[in-house]
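First comes the structure, then the notes that go with it.
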Amino acid sequence: MTNLKTHKLKKTNPANIPPVLDRVIAAAKVAEENKGHDIVILDIRKLTKTFDYFLIVSGSSRRQLYAIGDEIQRKLVGEMEDECLSVSGHTEGKWIVIDYGDIIVHLFEPETRKYYALEELWGKGERVEWEERRKETDVKSQEE
């Protein structure tokens, strides 16, 4: 059995899915389209071997967090053929965690995000300037 604390779970379909950076940016874009705010992507590959990126998003209500999570699932699993390994916190709705193995999506109510302060806890992670990358991919997809 794989030790989750030191190794990423292997994807069963790695040849079919886009690169991890493309997937995390796509998830950030979906969060933004669904009115998520304070969207941060942290590259934590230099800090842990367990996963590559955190996507951290705030929403104004539980219903909004559910919708953002559902749409991210639709994008990553439905369109990009990624695998969701687990979802936690969906019942409570204050902090939803969606685990894709190499990407961990954190959806927070603002107070809960402030309390857990993941950006500070993982502060040595490099922030990804995803807005510029998103614009580049938008232009490419319009040209195709």
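Chain lettering (A, B, ...) mirrors the order of the structure tokens, residue numbering begins at 1 for each chain separately, and ligand numbering begins at 1 in order of display.
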
Env of Arg23 (chain A): 12 Å cut, atoms = only C-alpha atoms, seq-sep filter 5 positions within chain, self excluded. Answer as an mmCIF file with N, CA and C atoms, in the first residue's frame.
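Saved file result18.cif follows:
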data_model
loop_
_atom_site.group_PDB
_atom_site.id
_atom_site.type_symbol
_atom_site.label_atom_id
_atom_site.label_comp_id
_atom_site.auth_asym_id
_atom_site.auth_seq_id
_atom_site.Cartn_x
_atom_site.Cartn_y
_atom_site.Cartn_z
ATOM 1 N N ILE A 17 -4.413 12.502 -19.408
ATOM 2 C CA ILE A 17 -4.729 13.760 -18.760
ATOM 3 C C ILE A 17 -3.685 14.837 -19.073
ATOM 4 N N PRO A 18 -4.124 16.100 -19.123
ATOM 5 C CA PRO A 18 -3.190 17.214 -19.390
ATOM 6 C C PRO A 18 -2.188 17.379 -18.242
ATOM 7 N N ALA A 28 -8.695 26.796 -11.334
ATOM 8 C CA ALA A 28 -8.755 28.181 -10.838
ATOM 9 C C ALA A 28 -9.707 29.013 -11.700
ATOM 10 N N LYS A 29 -9.626 28.800 -12.999
ATOM 11 C CA LYS A 29 -10.508 29.539 -13.916
ATOM 12 C C LYS A 29 -11.972 29.193 -13.643
ATOM 13 N N VAL A 30 -12.263 27.915 -13.419
ATOM 14 C CA VAL A 30 -13.627 27.491 -13.104
ATOM 15 C C VAL A 30 -14.091 28.138 -11.799
ATOM 16 N N ILE A 41 -2.970 29.894 -6.244
ATOM 17 C CA ILE A 41 -2.347 28.612 -6.561
ATOM 18 C C ILE A 41 -0.959 28.643 -5.944
ATOM 19 N N ASP A 52 1.628 18.403 -5.689
ATOM 20 C CA ASP A 52 2.344 19.450 -6.416
ATOM 21 C C ASP A 52 1.791 20.853 -6.168
ATOM 22 N N TYR A 53 0.475 20.970 -6.166
ATOM 23 C CA TYR A 53 -0.154 22.292 -6.085
ATOM 24 C C TYR A 53 -1.312 22.294 -5.112
ATOM 25 N N PHE A 54 -1.483 23.435 -4.433
ATOM 26 C CA PHE A 54 -2.694 23.764 -3.698
ATOM 27 C C PHE A 54 -3.432 24.801 -4.524
ATOM 28 N N LEU A 55 -4.725 24.620 -4.660
ATOM 29 C CA LEU A 55 -5.610 25.666 -5.168
ATOM 30 C C LEU A 55 -6.467 26.068 -3.980
ATOM 31 N N ILE A 72 -15.628 22.369 -10.607
ATOM 32 C CA ILE A 72 -14.237 21.936 -10.732
ATOM 33 C C ILE A 72 -14.191 20.442 -11.031
ATOM 34 N N GLN A 73 -15.021 19.669 -10.352
ATOM 35 C CA GLN A 73 -15.093 18.225 -10.622
ATOM 36 C C GLN A 73 -15.504 17.964 -12.073
ATOM 37 N N LYS A 75 -15.069 19.860 -14.620
ATOM 38 C CA LYS A 75 -13.971 20.229 -15.518
ATOM 39 C C LYS A 75 -12.839 19.210 -15.474
ATOM 40 N N LEU A 76 -12.338 18.934 -14.266
ATOM 41 C CA LEU A 76 -11.158 18.082 -14.160
ATOM 42 C C LEU A 76 -11.457 16.609 -14.439
ATOM 43 N N VAL A 77 -12.535 16.108 -13.876
ATOM 44 C CA VAL A 77 -12.863 14.693 -14.066
ATOM 45 C C VAL A 77 -13.605 14.477 -15.384
ATOM 46 N N GLU A 79 -14.135 16.616 -18.154
ATOM 47 C CA GLU A 79 -13.538 17.077 -19.403
ATOM 48 C C GLU A 79 -12.070 16.715 -19.552
ATOM 49 N N MET A 80 -11.314 16.774 -18.461
ATOM 50 C CA MET A 80 -9.861 16.585 -18.552
ATOM 51 C C MET A 80 -9.423 15.165 -18.178
ATOM 52 N N GLU A 81 -10.388 14.327 -17.819
ATOM 53 C CA GLU A 81 -10.160 12.910 -17.511
ATOM 54 C C GLU A 81 -9.234 12.681 -16.329
ATOM 55 N N ASP A 82 -9.206 13.624 -15.387
ATOM 56 C CA ASP A 82 -8.439 13.451 -14.163
ATOM 57 C C ASP A 82 -9.222 12.521 -13.232
ATOM 58 N N GLU A 83 -8.586 12.123 -12.144
ATOM 59 C CA GLU A 83 -9.237 11.267 -11.165
ATOM 60 C C GLU A 83 -9.337 11.987 -9.835
ATOM 61 N N TYR A 100 -6.892 15.397 -5.822
ATOM 62 C CA TYR A 100 -6.624 14.789 -7.124
ATOM 63 C C TYR A 100 -5.254 14.113 -7.154
ATOM 64 N N ASP A 102 -2.139 14.997 -7.213
ATOM 65 C CA ASP A 102 -1.105 16.002 -7.451
ATOM 66 C C ASP A 102 -1.615 17.423 -7.221
ATOM 67 N N ILE A 103 -2.920 17.585 -7.157
ATOM 68 C CA ILE A 103 -3.568 18.874 -6.867
ATOM 69 C C ILE A 103 -4.497 18.672 -5.678
ATOM 70 N N ILE A 104 -4.422 19.589 -4.719
ATOM 71 C CA ILE A 104 -5.372 19.596 -3.615
ATOM 72 C C ILE A 104 -6.133 20.916 -3.705
ATOM 73 N N VAL A 105 -7.443 20.831 -3.841
ATOM 74 C CA VAL A 105 -8.303 22.010 -3.931
ATOM 75 C C VAL A 105 -8.898 22.261 -2.550
ATOM 76 N N TRP A 130 -1.356 32.710 -12.105
ATOM 77 C CA TRP A 130 -2.214 31.963 -13.013
ATOM 78 C C TRP A 130 -3.043 32.850 -13.935
ATOM 79 N N ARG A 133 -1.280 33.114 -17.267
ATOM 80 C CA ARG A 133 -1.338 31.832 -17.958
ATOM 81 C C ARG A 133 -2.744 31.579 -18.493
ATOM 82 N N ARG A 134 -3.751 31.966 -17.703
ATOM 83 C CA ARG A 134 -5.131 31.773 -18.127
ATOM 84 C C ARG A 134 -5.402 32.555 -19.399
ATOM 85 N N THR A 137 -3.905 30.783 -22.391
ATOM 86 C CA THR A 137 -4.673 29.615 -22.828
ATOM 87 C C THR A 137 -5.995 30.023 -23.454
#

Mind checking DSSP for chain A and telling me the strand (DSSP E or B) residues as a PyMOL selection string?
chain A and resi 37-43+53-58+86-88+95-99+103-108+126-127

Export N, CA and C atoms of the chosen residues as a short mmCIF file (atom, residue, chain, number, x, y, z; two decimals), in the first residue's frame?
data_model
loop_
_atom_site.label_atom_id
_atom_site.label_comp_id
_atom_site.auth_asym_id
_atom_site.auth_seq_id
_atom_site.Cartn_x
_atom_site.Cartn_y
_atom_site.Cartn_z
N HIS A 37 -13.44 33.79 -4.96
CA HIS A 37 -12.56 34.96 -4.85
C HIS A 37 -11.33 34.63 -4.02
N ASP A 38 -10.37 35.56 -4.03
CA ASP A 38 -9.09 35.36 -3.36
C ASP A 38 -8.47 34.03 -3.78
N ILE A 39 -8.41 33.81 -5.08
CA ILE A 39 -7.93 32.55 -5.64
C ILE A 39 -6.41 32.54 -5.67
N VAL A 40 -5.84 31.51 -5.06
CA VAL A 40 -4.38 31.38 -4.98
C VAL A 40 -3.99 29.97 -5.40
N ILE A 41 -2.97 29.89 -6.24
CA ILE A 41 -2.35 28.61 -6.56
C ILE A 41 -0.96 28.64 -5.94
N LEU A 42 -0.66 27.64 -5.11
CA LEU A 42 0.66 27.51 -4.52
C LEU A 42 1.36 26.29 -5.11
N ASP A 43 2.56 26.50 -5.62
CA ASP A 43 3.42 25.42 -6.10
C ASP A 43 4.23 24.94 -4.89
N TYR A 53 0.47 20.97 -6.17
CA TYR A 53 -0.15 22.29 -6.08
C TYR A 53 -1.31 22.29 -5.11
N PHE A 54 -1.48 23.44 -4.43
CA PHE A 54 -2.69 23.76 -3.70
C PHE A 54 -3.43 24.80 -4.52
N LEU A 55 -4.72 24.62 -4.66
CA LEU A 55 -5.61 25.67 -5.17
C LEU A 55 -6.47 26.07 -3.98
N ILE A 56 -6.39 27.34 -3.60
CA ILE A 56 -7.13 27.84 -2.44
C ILE A 56 -8.11 28.90 -2.92
N VAL A 57 -9.38 28.71 -2.57
CA VAL A 57 -10.45 29.58 -3.07
C VAL A 57 -11.40 29.89 -1.92
N SER A 58 -11.87 31.12 -1.87
CA SER A 58 -12.92 31.50 -0.93
C SER A 58 -14.23 31.67 -1.67
N SER A 86 -10.53 11.82 -3.43
CA SER A 86 -11.43 11.97 -2.29
C SER A 86 -11.97 13.39 -2.20
N VAL A 87 -13.08 13.52 -1.51
CA VAL A 87 -13.68 14.81 -1.19
C VAL A 87 -14.01 14.78 0.29
N SER A 88 -13.57 15.82 1.01
CA SER A 88 -13.84 15.91 2.45
C SER A 88 -14.49 17.25 2.75
N TRP A 95 -15.17 24.18 4.83
CA TRP A 95 -13.87 23.90 4.21
C TRP A 95 -14.02 22.59 3.45
N ILE A 96 -14.04 22.68 2.16
CA ILE A 96 -14.16 21.48 1.31
C ILE A 96 -12.78 21.22 0.71
N VAL A 97 -12.33 19.98 0.80
CA VAL A 97 -11.04 19.58 0.26
C VAL A 97 -11.28 18.52 -0.81
N ILE A 98 -10.77 18.79 -2.01
CA ILE A 98 -10.88 17.83 -3.11
C ILE A 98 -9.47 17.41 -3.49
N ASP A 99 -9.21 16.11 -3.42
CA ASP A 99 -7.87 15.57 -3.62
C ASP A 99 -7.79 14.88 -4.98
N ILE A 103 -2.92 17.58 -7.16
CA ILE A 103 -3.57 18.87 -6.87
C ILE A 103 -4.50 18.67 -5.68
N ILE A 104 -4.42 19.59 -4.72
CA ILE A 104 -5.37 19.60 -3.62
C ILE A 104 -6.13 20.92 -3.71
N VAL A 105 -7.44 20.83 -3.84
CA VAL A 105 -8.30 22.01 -3.93
C VAL A 105 -8.90 22.26 -2.55
N HIS A 106 -8.73 23.48 -2.06
CA HIS A 106 -9.28 23.90 -0.77
C HIS A 106 -10.31 24.99 -1.04
N LEU A 107 -11.55 24.74 -0.69
CA LEU A 107 -12.63 25.72 -0.84
C LEU A 107 -13.08 26.14 0.55
N PHE A 108 -13.00 27.43 0.83
CA PHE A 108 -13.23 27.93 2.18
C PHE A 108 -14.31 28.99 2.25
N GLU A 126 5.65 28.56 -3.77
CA GLU A 126 5.70 29.64 -4.76
C GLU A 126 4.30 29.91 -5.30
N ARG A 127 3.89 31.17 -5.27
CA ARG A 127 2.59 31.54 -5.85
C ARG A 127 2.69 31.50 -7.37
#

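Remark: for Gly36 (chain A), the closest of the candidate residues A:Val20, A:Gly78, A:Lys94, A:Glu109 is A:Glu109 (distances computed over only C-alpha atoms).
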
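Note that the spacing between CA of Gly101 (chain A) and CA of Thr50 (chain A) amounts to 7.7 Å.
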
Any chance you could list, as a VMD selection string, the residues in chain A that come up helix (DSSP H, G or I) when DSSP is run on the backbone?
chain A and resid 14 to 16 20 to 33 62 to 79 110 to 116 118 to 121 130 to 143

Which residue is closest to Phe51 (chain A)? Choose from A:Gly125, A:Glu32, A:Glu120, A:Tyr115 and count only C-alpha atoms.
A:Gly125

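For the choices A:Gly123, A:Pro19, A:Pro110, A:Gly89, the atom-to-atom distance to Tyr66 (chain A) is smallest for A:Gly89 when using only C-alpha atoms.
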
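The shortest atom-to-atom distance to Gly69 (chain A), with only C-alpha atoms taken into account, belongs to A:Asn34 out of A:Asn34, A:Ala26, A:Lys49, A:Glu119.
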